[in-house]
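One file, start.cif, is given below (mmCIF, C-alpha atoms and all ligand atoms).
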```
data_upload
loop_
_atom_site.group_PDB
_atom_site.id
_atom_site.type_symbol
_atom_site.label_atom_id
_atom_site.label_comp_id
_atom_site.auth_asym_id
_atom_site.auth_seq_id
_atom_site.Cartn_x
_atom_site.Cartn_y
_atom_site.Cartn_z
ATOM 1 C CA MET A 1415 110.073 85.232 118.438
ATOM 2 C CA HIS A 1416 108.556 87.743 115.991
ATOM 3 C CA ILE A 1417 105.811 86.103 113.945
ATOM 4 C CA ALA A 1418 103.864 87.860 111.168
ATOM 5 C CA VAL A 1419 101.174 86.953 108.669
ATOM 6 C CA TYR A 1420 101.058 88.105 105.056
ATOM 7 C CA PRO A 1421 97.454 87.466 103.995
ATOM 8 C CA GLY A 1422 95.769 87.648 100.622
ATOM 9 C CA SER A 1423 93.780 85.913 97.916
ATOM 10 C CA PHE A 1424 96.939 85.265 95.869
ATOM 11 C CA ASP A 1425 94.860 84.346 92.793
ATOM 12 C CA PRO A 1426 97.597 83.765 91.726
ATOM 13 C CA ILE A 1427 100.845 84.935 93.344
ATOM 14 C CA THR A 1428 102.667 87.668 91.369
ATOM 15 C CA ASN A 1429 106.238 88.978 91.399
ATOM 16 C CA GLY A 1430 104.852 91.926 93.369
ATOM 17 C CA HIS A 1431 103.666 89.575 96.139
ATOM 18 C CA LEU A 1432 107.046 87.833 96.053
ATOM 19 C CA ASP A 1433 108.842 91.131 96.549
ATOM 20 C CA ILE A 1434 106.752 91.819 99.672
ATOM 21 C CA ILE A 1435 107.313 88.232 100.914
ATOM 22 C CA ARG A 1436 111.109 88.515 100.586
ATOM 23 C CA ARG A 1437 111.196 91.890 102.336
ATOM 24 C CA ALA A 1438 108.781 90.810 105.094
ATOM 25 C CA ALA A 1439 110.639 87.540 105.690
ATOM 26 C CA GLY A 1440 113.749 89.630 106.359
ATOM 27 C CA LEU A 1441 111.990 91.553 109.120
ATOM 28 C CA VAL A 1442 110.611 88.686 111.219
ATOM 29 C CA ASP A 1443 111.614 85.273 112.570
ATOM 30 C CA LYS A 1444 108.654 83.512 110.971
ATOM 31 C CA LEU A 1445 106.307 84.629 108.190
ATOM 32 C CA TYR A 1446 103.061 82.819 107.491
ATOM 33 C CA ILE A 1447 101.559 83.402 104.063
ATOM 34 C CA ALA A 1448 97.824 82.962 104.569
ATOM 35 C CA VAL A 1449 95.668 82.212 101.541
ATOM 36 C CA LEU A 1450 92.308 83.509 102.714
ATOM 37 C CA ILE A 1451 88.815 83.943 101.336
ATOM 38 C CA ASN A 1452 87.937 87.381 99.959
ATOM 39 C CA LYS A 1453 84.159 87.302 99.636
ATOM 40 C CA GLN A 1454 84.268 90.126 97.053
ATOM 41 C CA LYS A 1455 86.309 88.022 94.605
ATOM 42 C CA LYS A 1456 85.578 85.043 92.360
ATOM 43 C CA CYS A 1457 88.851 83.159 92.077
ATOM 44 C CA MET A 1458 90.447 81.484 89.040
ATOM 45 C CA PHE A 1459 92.398 78.948 91.130
ATOM 46 C CA THR A 1460 91.406 76.768 94.115
ATOM 47 C CA PRO A 1461 92.981 77.506 97.516
ATOM 48 C CA GLN A 1462 95.054 74.293 97.139
ATOM 49 C CA GLU A 1463 96.381 75.433 93.746
ATOM 50 C CA ARG A 1464 97.179 78.896 95.105
ATOM 51 C CA VAL A 1465 99.062 77.416 98.091
ATOM 52 C CA ALA A 1466 101.057 75.121 95.782
ATOM 53 C CA PHE A 1467 102.003 78.036 93.471
ATOM 54 C CA ILE A 1468 103.255 80.060 96.449
ATOM 55 C CA GLN A 1469 105.139 77.111 97.985
ATOM 56 C CA LYS A 1470 107.045 76.602 94.745
ATOM 57 C CA ALA A 1471 107.753 80.336 94.422
ATOM 58 C CA VAL A 1472 109.161 80.685 97.959
ATOM 59 C CA THR A 1473 111.494 77.682 97.778
ATOM 60 C CA GLY A 1474 114.704 78.679 99.539
ATOM 61 C CA ILE A 1475 113.150 81.258 101.875
ATOM 62 C CA GLU A 1476 113.577 79.268 105.083
ATOM 63 C CA ASN A 1477 111.333 81.143 107.531
ATOM 64 C CA VAL A 1478 108.198 81.147 105.378
ATOM 65 C CA GLU A 1479 105.203 78.794 105.655
ATOM 66 C CA VAL A 1480 102.146 78.807 103.389
ATOM 67 C CA ILE A 1481 98.688 77.882 104.729
ATOM 68 C CA SER A 1482 95.107 78.332 103.531
ATOM 69 C CA TYR A 1483 92.463 79.300 106.073
ATOM 70 C CA ASP A 1484 88.711 79.807 105.870
ATOM 71 C CA GLY A 1485 87.889 82.288 108.623
ATOM 72 C CA LEU A 1486 88.796 85.671 110.040
ATOM 73 C CA LEU A 1487 92.362 86.839 109.471
ATOM 74 C CA VAL A 1488 92.667 87.859 113.113
ATOM 75 C CA GLU A 1489 91.630 84.352 114.235
ATOM 76 C CA PHE A 1490 94.376 82.921 112.017
ATOM 77 C CA CYS A 1491 96.903 85.324 113.556
ATOM 78 C CA LYS A 1492 95.918 84.183 117.059
ATOM 79 C CA LYS A 1493 96.155 80.531 115.999
ATOM 80 C CA VAL A 1494 99.770 80.915 114.837
ATOM 81 C CA GLY A 1495 100.807 83.432 117.527
ATOM 82 C CA ALA A 1496 101.356 86.345 115.108
ATOM 83 C CA LYS A 1497 101.331 89.907 116.402
ATOM 84 C CA ALA A 1498 101.627 91.591 113.011
ATOM 85 C CA ILE A 1499 99.766 91.542 109.705
ATOM 86 C CA ILE A 1500 101.885 92.574 106.699
ATOM 87 C CA LYS A 1501 100.196 94.092 103.643
ATOM 88 C CA GLY A 1502 101.628 95.620 100.488
ATOM 89 C CA LEU A 1503 100.646 99.121 99.429
ATOM 90 C CA ARG A 1504 100.947 99.835 95.706
ATOM 91 C CA VAL A 1505 99.085 102.979 94.753
ATOM 92 C CA ILE A 1506 97.189 105.530 96.826
ATOM 93 C CA MET A 1507 93.921 103.776 95.897
ATOM 94 C CA ASP A 1508 95.059 100.769 97.968
ATOM 95 C CA TYR A 1509 95.376 102.930 101.063
ATOM 96 C CA GLU A 1510 91.658 103.387 101.671
ATOM 97 C CA ALA A 1511 90.886 99.660 101.536
ATOM 98 C CA GLU A 1512 93.960 98.709 103.572
ATOM 99 C CA ALA A 1513 93.319 101.351 106.226
ATOM 100 C CA GLN A 1514 89.722 100.126 106.561
ATOM 101 C CA MET A 1515 90.873 96.486 106.898
ATOM 102 C CA ALA A 1516 93.540 97.500 109.415
ATOM 103 C CA LEU A 1517 90.977 99.352 111.531
ATOM 104 C CA ILE A 1518 88.471 96.482 111.436
ATOM 105 C CA ASN A 1519 91.154 93.999 112.402
ATOM 106 C CA LYS A 1520 92.359 96.315 115.183
ATOM 107 C CA LYS A 1521 88.783 96.535 116.477
ATOM 108 C CA ILE A 1522 88.556 92.723 116.593
ATOM 109 C CA ASP A 1523 91.946 92.365 118.281
ATOM 110 C CA PRO A 1524 93.755 95.526 119.465
ATOM 111 C CA ASP A 1525 96.965 93.547 120.109
ATOM 112 C CA ILE A 1526 97.553 92.799 116.428
ATOM 113 C CA GLU A 1527 99.210 95.537 114.356
ATOM 114 C CA THR A 1528 98.998 95.998 110.593
ATOM 115 C CA VAL A 1529 102.267 96.940 108.908
ATOM 116 C CA LEU A 1530 102.061 98.358 105.360
ATOM 117 C CA LEU A 1531 105.079 97.881 103.097
ATOM 118 C CA VAL A 1532 105.221 100.219 100.114
ATOM 119 C CA ALA A 1533 105.560 98.226 96.888
ATOM 120 C CA THR A 1534 108.809 98.484 94.980
ATOM 121 C CA GLU A 1535 108.340 100.906 92.048
ATOM 122 C CA ASN A 1536 108.625 98.159 89.398
ATOM 123 C CA TYR A 1537 105.713 96.277 90.933
ATOM 124 C CA SER A 1538 103.396 99.131 91.839
ATOM 125 C CA PHE A 1539 101.211 98.567 88.757
ATOM 126 C CA ILE A 1540 100.903 94.760 89.103
ATOM 127 C CA SER A 1541 97.817 92.977 90.407
ATOM 128 C CA SER A 1542 96.645 89.381 89.966
ATOM 129 C CA SER A 1543 93.520 90.678 88.175
ATOM 130 C CA VAL A 1544 95.389 92.824 85.651
ATOM 131 C CA ILE A 1545 97.796 89.942 84.920
ATOM 132 C CA LYS A 1546 94.898 87.517 84.296
ATOM 133 C CA GLU A 1547 93.258 90.064 81.995
ATOM 134 C CA LEU A 1548 96.496 90.686 80.074
ATOM 135 C CA ALA A 1549 97.033 86.912 79.674
ATOM 136 C CA SER A 1550 93.449 86.463 78.428
ATOM 137 C CA TYR A 1551 94.308 88.754 75.479
ATOM 138 C CA GLY A 1552 97.532 86.854 74.784
ATOM 139 C CA GLY A 1553 99.755 89.517 76.378
ATOM 140 C CA ASP A 1554 103.222 88.693 77.717
ATOM 141 C CA ILE A 1555 103.132 88.137 81.499
ATOM 142 C CA SER A 1556 106.539 86.452 81.772
ATOM 143 C CA CYS A 1557 108.151 89.268 83.762
ATOM 144 C CA LEU A 1558 105.141 89.697 86.075
ATOM 145 C CA VAL A 1559 104.710 86.195 87.562
ATOM 146 C CA PRO A 1560 106.916 83.138 88.229
ATOM 147 C CA ALA A 1561 107.230 80.777 85.206
ATOM 148 C CA HIS A 1562 105.071 78.007 86.749
ATOM 149 C CA VAL A 1563 102.286 80.519 87.407
ATOM 150 C CA GLN A 1564 102.477 81.852 83.844
ATOM 151 C CA LYS A 1565 102.062 78.277 82.566
ATOM 152 C CA ALA A 1566 99.071 77.636 84.863
ATOM 153 C CA ILE A 1567 97.308 80.875 83.811
ATOM 154 C CA ILE A 1568 97.752 80.047 80.121
ATOM 155 C CA GLU A 1569 96.508 76.459 80.654
ATOM 156 C CA LYS A 1570 93.483 77.692 82.637
ATOM 157 C CA GLY A 1571 92.704 80.134 79.823
ATOM 158 C CA ARG A 1572 92.726 77.266 77.293
ATOM 159 C CA GLU A 1573 90.421 75.138 79.533
ATOM 160 C CA GLN A 1574 87.942 77.992 79.665
ATOM 161 C CA LEU A 1575 87.723 78.375 75.855
HETATM 162 O O1 LIG B 1601 94.481 89.839 98.232
HETATM 163 P P1 LIG B 1601 93.209 90.437 98.792
HETATM 164 O O2 LIG B 1601 91.994 89.867 98.071
HETATM 165 O O3 LIG B 1601 93.230 91.940 98.794
HETATM 166 O O4 LIG B 1601 93.149 89.965 100.318
HETATM 167 C C1 LIG B 1601 92.032 90.295 101.128
HETATM 168 C C2 LIG B 1601 91.975 89.353 102.349
HETATM 169 C C3 LIG B 1601 91.854 87.902 101.876
HETATM 170 C C4 LIG B 1601 93.251 89.513 103.173
HETATM 171 C C5 LIG B 1601 90.733 89.762 103.207
HETATM 172 O O5 LIG B 1601 89.577 89.635 102.439
HETATM 173 C C6 LIG B 1601 90.608 88.923 104.489
HETATM 174 O O6 LIG B 1601 91.287 89.200 105.463
HETATM 175 N N1 LIG B 1601 89.728 87.894 104.462
HETATM 176 C C7 LIG B 1601 89.494 87.016 105.596
HETATM 177 C C8 LIG B 1601 88.224 87.435 106.373
HETATM 178 C C9 LIG B 1601 88.524 88.648 107.256
HETATM 179 O O7 LIG B 1601 89.209 88.536 108.258
HETATM 180 N N2 LIG B 1601 88.013 89.840 106.849
HETATM 181 C C10 LIG B 1601 88.306 91.105 107.530
HETATM 182 C C11 LIG B 1601 87.362 91.392 108.665
HETATM 183 S S1 LIG B 1601 85.701 91.515 108.172
#
```

Could I get this structure in the form of structure tokens?
Ligand code: PNS
Amino acid sequence: MHIAVYPGSFDPITNGHLDIIRRAAGLVDKLYIAVLINKQKKCMFTPQERVAFIQKAVTGIENVEVISYDGLLVEFCKKVGAKAIIKGLRVIMDYEAEAQMALINKKIDPDIETVLLVATENYSFISSSVIKELASYGGDISCLVPAHVQKAIIEKGREQL
């Protein structure tokens, strides 16, 4: 059985993430979406909220499971028996960070491979951060995130006023 992990902060999930999830789910028997801690980032949503947003967005994709985990990505992979980490690559700037992560993870566990999927053209400019910034100025994010996520971002923005 081929098991892979698609990790990230997912603060919150975007249509770009969903594109990678759909494509990755088609490559493996089981795909875990791991909501992990990125110590460089201050998040808008709690891990529980982020998991719930993803669960709703992936309804109907049978071989996907969403879990949050506070620890090393490689430890999570071992826990669920995954041999591959899937990441999305948008622009060339992503490559440096992803290559560094891949090498660190390989150092920790040489048996786990990182597979980089190139983002679909339409999503190569999307990030959770840019979407949150656009929403904070009242910009239209309806084609960038699922509807329930758009609603949650707008509500969170109002709470923070
Ligand atoms: O969506 P992001 O913020 O780019 O995802 C980064 C993430 C969460 C995948 C990365 O920070 C991570 O793997 N965090 C867990 C801790 C870990 O294993 N770090 C790498 C080795 S130091």

Axis-aligned box for ligand LIG 1601 (chain B), 4 Å per side, centre and edges in Å as lines of an AutoDock Vina configuration file:
```
center_x = 90.1
center_y = 89.5
center_z = 103.4
size_x = 16.8
size_y = 12.9
size_z = 18.6
```

(request) Return as a ChimeraX atom specification the set of residues that the PyMOL selection byres (((chain A and resi 1532-1545) around 6) and not hetatm) yields on the displayed structure. (result) /A:1426,1430,1502-1504,1531,1546-1548

(message) Taking only C-alpha atoms and all ligand atoms and a cut-off of 10 Å, can you tell me which residues surround ligand LIG 1601 (chain B), written as a ChimeraX atom specification?
(response) /A:1419-1427,1431,1448-1457,1483-1491,1499-1502,1508,1511-1512,1514-1522,1541-1542

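With only C-alpha atoms as the atoms that count, the minimum distance from Glu1476 (chain A) to the choices A:Ala1496, A:Val1442, A:Met1458, A:Ile1434 is reached by A:Val1442.
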
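Remark: for Val1465 (chain A), the closest of the candidate residues A:Gln1564, A:Met1507, A:Asn1477, A:Ile1447 is A:Ile1447 (distances computed over all atoms listed in the file).
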
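Checking A:Ala1498, A:Glu1479, A:Ala1549, A:Gly1440 one by one against Ala1566 (chain A), counting all atoms listed in the file, you find the shortest gap at A:Ala1549.
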
(request) State, in Å with one decimal place, the distance from CA of Val1478 (chain A) to CA of Tyr1446 (chain A). (result)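 Atom-to-atom, CA of Val1478 (chain A) and CA of Tyr1446 (chain A) are spaced 5.8 Å apart.
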
(message) Nearest residue to Leu1530 (chain A) out of A:His1562, A:Arg1437, A:Arg1464, A:Lys1470, using only C-alpha atoms?
(response)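 Among A:His1562, A:Arg1437, A:Arg1464, A:Lys1470, it is A:Arg1437 that comes nearest to Leu1530 (chain A).
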
(message) Please report the interatomic distance between CA of Asp1443 (chain A) and CA of Ala1418 (chain A) in Å with one decimal.
(response)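 Separating CA of Asp1443 (chain A) from CA of Ala1418 (chain A) is a distance of 8.3 Å.
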
(message) Using only C-alpha atoms, which protein or nucleic acid residues come within 9 Å of Lys1497 (chain A)? Drop anything in the same chain fewer than 4 positions from it, and give the result as a PyMOL selection string.
(response) chain A and resi 1416-1419+1491-1492+1525-1528

(request) Between CA of Ala1439 (chain A) and CA of Ile1475 (chain A), measure the distance and give it in Å to one decimal. (result)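 Between CA of Ala1439 (chain A) and CA of Ile1475 (chain A) the gap works out to 7.8 Å.
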
(request) Can you work out which one of A:Ala1513, A:Val1472, A:Ile1568, A:Val1529 has the shortest atom-to-atom distance to Ser1556 (chain A), counting all atoms listed in the file? (result) A:Ile1568

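Of the residues listed (A:Thr1428, A:Asp1433, A:Phe1459, A:Pro1524), A:Thr1428 shows the shortest atom-to-atom separation from Ala1561 (chain A); distances use only C-alpha atoms.
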
Please extract region 1456-1475 of chain A and write it out with N, CA, C and O atoms, as a CSV table (one decimal), in the first residue's frame.
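Generated output (result_9.csv):
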```
chain,number,residue,atom,x,y,z
A,1456,LYS,N,2.8,32.9,12.5
A,1456,LYS,CA,1.7,33.1,13.5
A,1456,LYS,C,0.4,32.8,12.8
A,1456,LYS,O,0.2,33.5,11.8
A,1457,CYS,N,-0.4,31.9,13.3
A,1457,CYS,CA,-1.5,31.5,12.5
A,1457,CYS,C,-2.8,32.3,12.9
A,1457,CYS,O,-3.0,32.7,14.0
A,1458,MET,N,-3.7,32.4,11.9
A,1458,MET,CA,-5.0,33.1,12.1
A,1458,MET,C,-6.0,32.1,12.7
A,1458,MET,O,-6.8,32.4,13.5
A,1459,PHE,N,-5.9,30.8,12.3
A,1459,PHE,CA,-6.9,29.8,12.8
A,1459,PHE,C,-6.2,28.7,13.6
A,1459,PHE,O,-5.0,28.5,13.5
A,1460,THR,N,-6.9,28.1,14.6
A,1460,THR,CA,-6.4,27.1,15.4
A,1460,THR,C,-6.2,25.8,14.6
A,1460,THR,O,-6.8,25.7,13.5
A,1461,PRO,N,-5.4,24.9,15.1
A,1461,PRO,CA,-5.2,23.6,14.3
A,1461,PRO,C,-6.5,22.9,14.1
A,1461,PRO,O,-6.8,22.4,13.0
A,1462,GLN,N,-7.4,23.0,15.1
A,1462,GLN,CA,-8.7,22.3,15.0
A,1462,GLN,C,-9.6,22.9,13.9
A,1462,GLN,O,-10.2,22.3,13.1
A,1463,GLU,N,-9.5,24.3,13.8
A,1463,GLU,CA,-10.3,25.0,12.8
A,1463,GLU,C,-9.7,24.6,11.4
A,1463,GLU,O,-10.5,24.3,10.5
A,1464,ARG,N,-8.4,24.6,11.3
A,1464,ARG,CA,-7.8,24.3,10.0
A,1464,ARG,C,-8.1,22.9,9.6
A,1464,ARG,O,-8.4,22.6,8.4
A,1465,VAL,N,-8.1,21.9,10.5
A,1465,VAL,CA,-8.5,20.5,10.2
A,1465,VAL,C,-9.9,20.5,9.7
A,1465,VAL,O,-10.2,19.9,8.7
A,1466,ALA,N,-10.8,21.2,10.4
A,1466,ALA,CA,-12.2,21.1,10.0
A,1466,ALA,C,-12.4,21.7,8.6
A,1466,ALA,O,-13.2,21.2,7.8
A,1467,PHE,N,-11.7,22.8,8.3
A,1467,PHE,CA,-11.9,23.5,7.0
A,1467,PHE,C,-11.4,22.5,5.9
A,1467,PHE,O,-12.1,22.4,4.9
A,1468,ILE,N,-10.3,21.8,6.2
A,1468,ILE,CA,-9.8,20.8,5.1
A,1468,ILE,C,-10.8,19.7,5.0
A,1468,ILE,O,-11.1,19.3,3.9
A,1469,GLN,N,-11.3,19.1,6.2
A,1469,GLN,CA,-12.2,18.0,6.1
A,1469,GLN,C,-13.4,18.3,5.2
A,1469,GLN,O,-13.8,17.5,4.4
A,1470,LYS,N,-13.9,19.5,5.4
A,1470,LYS,CA,-15.1,19.9,4.6
A,1470,LYS,C,-14.7,20.0,3.1
A,1470,LYS,O,-15.5,19.6,2.3
A,1471,ALA,N,-13.6,20.5,2.9
A,1471,ALA,CA,-13.2,20.8,1.5
A,1471,ALA,C,-12.9,19.5,0.7
A,1471,ALA,O,-13.0,19.4,-0.5
A,1472,VAL,N,-12.5,18.4,1.5
A,1472,VAL,CA,-12.1,17.2,0.8
A,1472,VAL,C,-13.2,16.1,0.8
A,1472,VAL,O,-12.9,14.9,0.4
A,1473,THR,N,-14.4,16.5,1.2
A,1473,THR,CA,-15.5,15.6,1.2
A,1473,THR,C,-15.6,15.0,-0.2
A,1473,THR,O,-15.6,15.7,-1.2
A,1474,GLY,N,-15.7,13.6,-0.2
A,1474,GLY,CA,-15.9,12.9,-1.5
A,1474,GLY,C,-14.6,12.4,-2.0
A,1474,GLY,O,-14.6,11.5,-2.9
A,1475,ILE,N,-13.4,12.8,-1.5
A,1475,ILE,CA,-12.1,12.2,-1.8
A,1475,ILE,C,-11.9,11.1,-0.8
A,1475,ILE,O,-11.5,11.4,0.3
```
